[in-house]
$ cat upload-v1.cif   # mmCIF, C-alpha atoms
data_input
#
loop_
_atom_site.label_atom_id
_atom_site.label_comp_id
_atom_site.auth_asym_id
_atom_site.auth_seq_id
_atom_site.Cartn_x
_atom_site.Cartn_y
_atom_site.Cartn_z
CA MET A 1 -12.52 8.63 12.28
CA ASN A 2 -11.73 12.36 11.98
CA ASP A 3 -8.93 12.56 14.53
CA SER A 4 -6.09 14.56 12.97
CA TYR A 5 -3.75 13.18 15.65
CA SER A 6 -4.50 9.53 14.90
CA MET A 7 -1.79 7.21 13.65
CA ASP A 8 -0.80 7.39 9.99
CA VAL A 9 -1.79 4.44 7.82
CA LEU A 10 0.10 3.41 4.73
CA ASN A 11 -1.55 0.85 2.46
CA LEU A 12 0.80 -0.61 -0.15
CA TYR A 13 -0.72 -2.59 -2.99
CA VAL A 14 1.80 -5.02 -4.50
CA ALA A 15 1.33 -6.97 -7.72
CA PRO A 16 4.00 -9.70 -7.74
CA LYS A 17 4.92 -11.64 -10.87
CA ALA A 18 3.84 -14.92 -9.25
CA ALA A 19 0.18 -15.85 -8.89
CA VAL A 20 -1.77 -13.78 -6.35
CA ASN A 21 -3.05 -16.90 -4.60
CA SER A 22 0.56 -18.00 -3.99
CA ASP A 23 1.99 -17.55 -0.52
CA HIS A 24 4.08 -14.35 -0.37
CA PRO A 25 5.16 -13.99 3.29
CA SER A 26 8.82 -13.26 2.47
CA LEU A 27 7.82 -10.57 -0.07
CA VAL A 28 5.44 -8.94 2.41
CA HIS A 29 8.10 -9.08 5.15
CA GLU A 30 10.71 -7.47 2.87
CA VAL A 31 8.33 -4.69 1.74
CA VAL A 32 7.32 -3.97 5.35
CA SER A 33 10.95 -3.95 6.50
CA ILE A 34 12.21 -1.61 3.77
CA THR A 35 9.25 0.74 4.11
CA LYS A 36 9.51 0.92 7.90
CA LYS A 37 13.25 1.68 7.72
CA SER A 38 12.69 4.38 5.08
CA THR A 39 9.56 6.08 6.40
CA GLU A 40 9.20 4.95 10.03
CA ILE A 41 5.65 3.83 9.15
CA THR A 42 4.71 0.16 9.19
CA PRO A 43 2.60 -0.38 6.07
CA LYS A 44 -0.30 -2.71 5.49
CA VAL A 45 0.79 -4.70 2.43
CA VAL A 46 -1.98 -6.03 0.19
CA ILE A 47 -1.11 -8.53 -2.54
CA ILE A 48 -3.31 -8.03 -5.63
CA ALA A 49 -3.26 -8.95 -9.31
CA PHE A 50 -1.63 -6.50 -11.73
CA GLU A 51 -4.95 -5.87 -13.48
CA GLU A 52 -6.52 -4.88 -10.15
CA LEU A 53 -3.56 -2.59 -9.44
CA LEU A 54 -4.08 -0.86 -12.79
CA GLU A 55 -7.76 -0.44 -12.00
CA LYS A 56 -7.00 1.08 -8.56
CA ALA A 57 -4.43 3.41 -10.07
CA GLY A 58 -6.67 4.50 -12.94
CA GLY A 59 -4.26 3.26 -15.61
CA MET A 60 -0.49 3.33 -15.99
CA ARG A 61 -0.08 6.80 -14.47
CA PHE A 62 0.29 5.74 -10.84
CA MET A 63 -0.24 8.25 -8.07
CA GLU A 64 2.72 8.21 -5.72
CA ILE A 65 0.80 9.33 -2.62
CA PHE A 66 -2.92 9.46 -1.99
CA ASP A 67 -4.14 11.10 1.21
CA ALA A 68 -7.52 9.52 1.91
CA ARG A 69 -8.16 11.43 5.14
CA PRO A 70 -11.21 13.69 5.23
CA LYS A 71 -10.44 17.34 4.61
CA PRO A 72 -10.70 19.55 7.71
CA ALA A 73 -13.80 21.76 7.89
#
$ encode --input "upload-v1.cif" --output "C-alpha coordinates"
Amino acid sequence: MNDSYSMDVLNLYVAPKAAVNSDHPSLVHEVVSITKKSTEITPKVVIIAFEELLEKAGGMRFMEIFDARPKPA
(Lines of atoms letter the chains of each structure in order from A and count residues from 1; the text may use other names and numbers.)
(Lines give C-alpha, C1' and ligand atoms only; values in the text may rest on other atoms or scores of the structure.)
Protein backbone atom coordinates (compact mmCIF):
# COMPACT_ATOMS: atom_id res chain seq x y z
CA MET A 1 0.00 0.00 0.00
CA ASN A 2 1.52 3.34 -1.05
CA ASP A 3 -0.91 5.66 0.72
CA SER A 4 1.14 8.33 2.51
CA TYR A 5 -1.94 9.16 4.61
CA SER A 6 -2.46 5.61 5.87
CA MET A 7 -2.16 4.80 9.55
CA ASP A 8 1.30 4.46 11.07
CA VAL A 9 2.37 0.97 12.08
CA LEU A 10 4.86 0.28 14.83
CA ASN A 11 6.17 -3.28 15.11
CA LEU A 12 8.04 -3.95 18.36
CA TYR A 13 10.09 -7.12 18.59
CA VAL A 14 10.59 -8.18 22.22
CA ALA A 15 12.97 -10.88 23.42
CA PRO A 16 11.96 -11.72 27.01
CA LYS A 17 14.21 -13.66 29.37
CA ALA A 18 11.60 -16.43 29.68
CA ALA A 19 11.08 -18.99 26.93
CA VAL A 20 9.47 -17.64 23.75
CA ASN A 21 6.81 -20.35 23.79
CA SER A 22 5.73 -19.20 27.27
CA ASP A 23 2.58 -17.14 27.55
CA HIS A 24 3.44 -13.42 27.78
CA PRO A 25 0.10 -11.57 27.77
CA SER A 26 0.98 -9.30 30.71
CA LEU A 27 4.31 -8.34 29.09
CA VAL A 28 2.63 -7.58 25.77
CA HIS A 29 -0.09 -5.56 27.54
CA GLU A 30 2.51 -3.52 29.47
CA VAL A 31 4.60 -2.82 26.35
CA VAL A 32 1.49 -1.78 24.39
CA SER A 33 0.28 0.45 27.24
CA ILE A 34 3.61 2.25 27.77
CA THR A 35 4.20 2.70 24.04
CA LYS A 36 0.69 4.02 23.40
CA LYS A 37 0.98 6.53 26.26
CA SER A 38 4.40 7.70 25.04
CA THR A 39 3.85 7.81 21.28
CA GLU A 40 0.07 7.70 20.76
CA ILE A 41 0.63 4.71 18.45
CA THR A 42 -0.62 1.26 19.40
CA PRO A 43 2.21 -1.13 18.50
CA LYS A 44 2.07 -4.67 17.26
CA VAL A 45 4.22 -6.56 19.77
CA VAL A 46 5.98 -9.69 18.51
CA ILE A 47 7.66 -12.01 21.01
CA ILE A 48 10.81 -13.59 19.54
CA ALA A 49 13.96 -15.31 20.77
CA PHE A 50 17.00 -13.14 21.50
CA GLU A 51 18.99 -14.84 18.72
CA GLU A 52 16.25 -13.94 16.22
CA LEU A 53 16.25 -10.36 17.50
CA LEU A 54 20.01 -10.14 16.93
CA GLU A 55 19.55 -11.50 13.42
CA LYS A 56 16.81 -8.94 12.63
CA ALA A 57 18.93 -6.12 14.02
CA GLY A 58 22.07 -7.19 12.18
CA GLY A 59 24.06 -7.67 15.38
CA MET A 60 24.31 -5.76 18.64
CA ARG A 61 24.05 -2.33 17.02
CA PHE A 62 20.27 -2.00 17.09
CA MET A 63 18.54 0.51 14.86
CA GLU A 64 16.20 2.67 16.92
CA ILE A 65 13.75 3.42 14.11
CA PHE A 66 13.34 1.76 10.74
CA ASP A 67 10.93 3.33 8.26
CA ALA A 68 9.86 0.48 5.99
CA ARG A 69 7.50 2.58 3.86
CA PRO A 70 8.30 2.85 0.16
CA LYS A 71 10.09 6.04 -0.81
CA PRO A 72 7.94 8.54 -2.73
CA ALA A 73 8.64 8.76 -6.47
$ resolve_selection --input "upload-v1.cif" --expression "the PyMOL selection byres ((chain A and resi 33-44) around 10)" --output "JSON, numbers by chain"
{"A": [7, 8, 9, 10, 11, 12, 13, 27, 28, 29, 30, 31, 32, 45, 46, 47]}
$ atom_distance --input "upload-v1.cif" --atom1 "CA of Leu54 (chain A)" --atom2 "CA of Pro16 (chain A)"
13.0 Å
$ atom_distance --input "upload-v1.cif" --atom1 "CA of Ala68 (chain A)" --atom2 "CA of Asp23 (chain A)"
28.8 Å
$ atom_distance --input "upload-v1.cif" --atom1 "CA of Ala15 (chain A)" --atom2 "CA of Gly59 (chain A)"
14.1 Å
